[in-house]
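With PDB, C-alpha atoms inside, this is final-v9.pdb:
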```
ATOM      1  CA  MET A   1      97.119  68.365 100.685
ATOM      2  CA  ASN A   2      95.987  67.893  97.071
ATOM      3  CA  LEU A   3      92.574  66.779  98.295
ATOM      4  CA  PHE A   4      92.189  70.019 100.267
ATOM      5  CA  LYS A   5      93.367  72.130  97.315
ATOM      6  CA  ASN A   6      90.983  70.331  94.961
ATOM      7  CA  LEU A   7      88.068  70.802  97.373
ATOM      8  CA  LYS A   8      88.886  74.480  97.720
ATOM      9  CA  LYS A   9      89.093  74.908  93.928
ATOM     10  CA  SER A  10      85.711  73.187  93.582
ATOM     11  CA  LEU A  11      84.192  75.442  96.232
ATOM     12  CA  VAL A  12      85.557  78.590  94.554
ATOM     13  CA  LYS A  13      84.307  77.373  91.162
ATOM     14  CA  GLY A  14      80.858  76.806  92.682
ATOM     15  CA  LEU A  15      80.830  80.300  94.170
ATOM     16  CA  ALA A  16      81.760  81.759  90.787
ATOM     17  CA  GLY A  17      78.832  80.043  89.065
ATOM     18  CA  ASP A  18      78.589  80.141  85.295
ATOM     19  CA  TYR A  19      80.914  82.555  83.539
ATOM     20  CA  ASP A  20      82.712  82.942  80.237
ATOM     21  CA  GLU A  21      85.825  80.941  81.063
ATOM     22  CA  GLU A  22      87.669  82.017  77.921
ATOM     23  CA  ALA A  23      87.083  85.733  78.566
ATOM     24  CA  ILE A  24      87.997  85.511  82.264
ATOM     25  CA  SER A  25      91.076  83.426  81.508
ATOM     26  CA  LYS A  26      92.153  86.047  78.983
ATOM     27  CA  GLN A  27      91.586  88.826  81.531
ATOM     28  CA  LEU A  28      93.642  86.991  84.169
ATOM     29  CA  ASN A  29      96.437  86.402  81.655
ATOM     30  CA  GLU A  30      96.458  90.093  80.761
ATOM     31  CA  TYR A  31      96.883  90.996  84.436
ATOM     32  CA  ALA A  32      99.558  88.324  84.900
ATOM     33  CA  ASN A  33     101.601  89.533  81.937
ATOM     34  CA  GLU A  34     101.611  93.234  82.764
ATOM     35  CA  LYS A  35     104.934  94.864  83.556
ATOM     36  CA  GLY A  36     105.643  95.656  87.182
ATOM     37  CA  VAL A  37     103.996  94.226  90.271
ATOM     38  CA  ILE A  38     100.384  93.113  89.955
ATOM     39  CA  MET A  39      98.377  91.920  92.944
ATOM     40  CA  LEU A  40      94.944  90.339  93.122
ATOM     41  CA  SER A  41      93.510  90.984  96.565
ATOM     42  CA  PHE A  42      90.475  91.451  98.762
ATOM     43  CA  GLU A  43      90.052  94.887 100.295
ATOM     44  CA  SER A  44      90.081  93.862 103.955
ATOM     45  CA  CYS A  45      91.846  90.487 103.900
ATOM     46  CA  PRO A  46      94.541  90.679 106.624
ATOM     47  CA  PHE A  47      97.093  88.954 104.379
ATOM     48  CA  CYS A  48      96.336  91.435 101.591
ATOM     49  CA  VAL A  49      96.624  94.366 103.983
ATOM     50  CA  ARG A  50     100.004  93.016 105.128
ATOM     51  CA  ALA A  51     101.145  92.590 101.528
ATOM     52  CA  ARG A  52     100.265  96.231 100.842
ATOM     53  CA  GLU A  53     102.274  97.246 103.912
ATOM     54  CA  VAL A  54     105.282  95.181 102.835
ATOM     55  CA  LEU A  55     105.206  96.573  99.298
ATOM     56  CA  GLY A  56     104.909 100.079 100.742
ATOM     57  CA  GLU A  57     107.849  99.474 103.067
ATOM     58  CA  GLN A  58     109.858  98.360 100.028
ATOM     59  CA  ARG A  59     108.695 101.491  98.157
ATOM     60  CA  VAL A  60     107.415  99.312  95.328
ATOM     61  CA  GLN A  61     104.851 100.688  92.906
ATOM     62  CA  TYR A  62     102.172  98.082  92.276
ATOM     63  CA  LYS A  63      98.740  97.627  90.757
ATOM     64  CA  ASP A  64      96.235  96.306  93.309
ATOM     65  CA  ILE A  65      93.202  94.633  91.768
ATOM     66  CA  MET A  66      90.645  94.146  94.544
ATOM     67  CA  ILE A  67      88.685  91.268  93.099
ATOM     68  CA  ASP A  68      86.060  91.386  95.839
ATOM     69  CA  LYS A  69      85.031  94.749  94.340
ATOM     70  CA  LEU A  70      84.711  93.411  90.775
ATOM     71  CA  GLU A  71      81.617  91.819  89.288
ATOM     72  CA  GLU A  72      83.853  89.143  87.742
ATOM     73  CA  GLY A  73      85.971  88.744  90.893
ATOM     74  CA  LYS A  74      84.730  85.279  91.837
ATOM     75  CA  ALA A  75      85.341  84.088  88.298
ATOM     76  CA  LEU A  76      88.873  85.542  88.368
ATOM     77  CA  ARG A  77      89.524  83.683  91.603
ATOM     78  CA  SER A  78      88.266  80.458  90.058
ATOM     79  CA  GLU A  79      90.553  80.915  87.041
ATOM     80  CA  LEU A  80      93.445  81.712  89.383
ATOM     81  CA  GLY A  81      92.908  78.285  90.930
ATOM     82  CA  LYS A  82      92.762  76.566  87.552
ATOM     83  CA  GLN A  83      95.829  78.250  86.098
ATOM     84  CA  TYR A  84      98.055  78.684  89.139
ATOM     85  CA  GLY A  85      96.741  76.208  91.697
ATOM     86  CA  GLN A  86      96.073  79.024  94.189
ATOM     87  CA  THR A  87      92.619  80.304  95.086
ATOM     88  CA  SER A  88      93.693  82.465  98.002
ATOM     89  CA  VAL A  89      94.661  86.104  97.874
ATOM     90  CA  PRO A  90      96.879  87.979  97.756
ATOM     91  CA  ALA A  91      98.238  86.595  94.515
ATOM     92  CA  ARG A  92     101.077  88.463  92.846
ATOM     93  CA  TRP A  93     103.091  88.604  89.681
ATOM     94  CA  VAL A  94     106.343  90.488  89.172
ATOM     95  CA  ASN A  95     107.068  91.261  85.528
ATOM     96  CA  GLY A  96     105.029  88.238  84.473
ATOM     97  CA  VAL A  97     106.450  85.783  87.037
ATOM     98  CA  PHE A  98     103.934  84.349  89.500
ATOM     99  CA  VAL A  99     105.213  85.026  93.008
ATOM    100  CA  GLY A 100     102.142  83.685  94.798
ATOM    101  CA  GLY A 101     100.930  84.645  98.220
ATOM    102  CA  GLY A 102     102.566  86.252 101.231
ATOM    103  CA  ASN A 103     104.633  83.241 102.260
ATOM    104  CA  ASP A 104     103.721  80.504  99.827
ATOM    105  CA  GLY A 105     102.639  79.682  96.304
ATOM    106  CA  GLY A 106     104.337  80.540  93.066
ATOM    107  CA  ILE A 107     108.081  80.687  93.580
ATOM    108  CA  GLY A 108     107.916  80.974  97.350
ATOM    109  CA  GLY A 109     105.818  84.020  98.060
ATOM    110  CA  LEU A 110     106.478  87.723  98.499
ATOM    111  CA  ILE A 111     108.054  87.914 101.951
ATOM    112  CA  PRO A 112     110.579  85.075 101.491
ATOM    113  CA  ASN A 113     111.442  86.429  98.034
ATOM    114  CA  ILE A 114     112.163  89.882  99.471
ATOM    115  CA  LYS A 115     114.347  88.375 102.211
ATOM    116  CA  SER A 116     116.319  86.318  99.679
ATOM    117  CA  GLY A 117     116.728  89.177  97.180
ATOM    118  CA  GLN A 118     114.830  87.266  94.495
ATOM    119  CA  PHE A 119     112.006  89.827  94.473
ATOM    120  CA  GLN A 120     114.420  92.659  93.719
ATOM    121  CA  GLU A 121     115.938  90.600  90.878
ATOM    122  CA  LEU A 122     112.475  90.048  89.375
ATOM    123  CA  LEU A 123     111.823  93.791  89.532
ATOM    124  CA  LYS A 124     114.915  94.449  87.405
ATOM    125  CA  LYS A 125     113.669  92.260  84.545
TER
END
```

This entry written out as structure tokens:
Amino acid sequence: MNLFKNLKKSLVKGLAGDYDEEAISKQLNEYANEKGVIMLSFESCPFCVRAREVLGEQRVQYKDIMIDKLEEGKALRSELGKQYGQTSVPARWVNGVFVGGGNDGGIGGLIPNIKSGQFQELLKK
């Protein structure tokens, strides 16, 4: 599994090309440390669309950063892989805690965290 993750991180880094790693890392950290629910996504990714639906069903206010619409989006995705070990979207934080994707990453992902009540606890912080 680590081999696959490392290959994927290398591919994403290659797609990002040269960028100011310090500036992009700082930008990602600013997103990650914002209060509330922050999501990096692609506009039409089916997993991202589902995450939006789930958050809507939960009546959760969130900030959706569609990185496929940003000039620095590929660089943000590369930094996501370096800092959090996840290059896929959606990627979410709740009050500064990395939740990860829909079912995996971070502390178990959005959907399992909602089912367990952990997501609601993170929202209270």

(request) Find the spatial neighbours of A:Tyr31, counting all atoms listed in the file, within a cut-off of 10 Å - ignore same-chain residues fewer than 6 positions away - and output them as a PyMOL selection string. (result) chain A and resi 25+37-40+63+65+92-93+96

Output C-alpha atoms for every residue in that selection, as a short mmCIF file (atom, residue, chain, number, x, y, z; two decimals), in the coordinates of the input.
```cif
data_model
loop_
_atom_site.label_atom_id
_atom_site.label_comp_id
_atom_site.auth_asym_id
_atom_site.auth_seq_id
_atom_site.Cartn_x
_atom_site.Cartn_y
_atom_site.Cartn_z
CA SER A 25 91.08 83.43 81.51
CA VAL A 37 104.00 94.23 90.27
CA ILE A 38 100.38 93.11 89.96
CA MET A 39 98.38 91.92 92.94
CA LEU A 40 94.94 90.34 93.12
CA LYS A 63 98.74 97.63 90.76
CA ILE A 65 93.20 94.63 91.77
CA ARG A 92 101.08 88.46 92.85
CA TRP A 93 103.09 88.60 89.68
CA GLY A 96 105.03 88.24 84.47
#
```

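Every residue that the PyMOL selection byres ((chain A and resi 41) around 6) selects in this file is listed here: Leu40, Phe42, Cys48, Met66, Ile67, Val89 and Pro90 of chain A.
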
(message) I'd like the interatomic distance between atom CA of A:Ser10 and atom CA of A:Gly81, to a tenth of an Å.
(response)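 Those two atoms sit 9.2 Å apart.
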
(message) Could you list, as number ranges by chain, every residue matched by the PyMOL selection byres ((chain A and resi 84) around 9) in this structure?
(response) A: 79-83, 85-87, 98, 100, 105-106

(request) Using atom CA of A:Glu53 and atom CA of A:Gln120 as the two end points, give the distance in Å to one decimal. (result)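 Rounded to one decimal, the two atoms are 16.5 Å apart.
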
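Among the candidates A:Asp18, A:Val49, A:Lys74, A:Val60, the residue lying nearest to A:Leu123 is A:Val60 (atoms considered: only C-alpha atoms).
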
(message) Which residue is closest to A:Asn29? Choose from A:Val97, A:Ile114, A:Phe4, A:Lys125 and count all atoms listed in the file.
(response)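 Smallest separation from A:Asn29 among the options: A:Val97.
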
(request) Go through A:Asn6, A:Asn95, A:Ser78, A:Gln61 and flag the residue nearest A:Asn33, using all atoms listed in the file for the distances. (result)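 The closest residue to A:Asn33 is A:Asn95.
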
(message) Taking only C-alpha atoms into account, name the residue in A:Gly101, A:Asp64, A:Gln58, A:Phe47 that is nearest to A:Lys115.
(response) A:Gln58

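Note that atom CA of A:Ala23 and atom CA of A:Gly36 are 22.7 Å apart.
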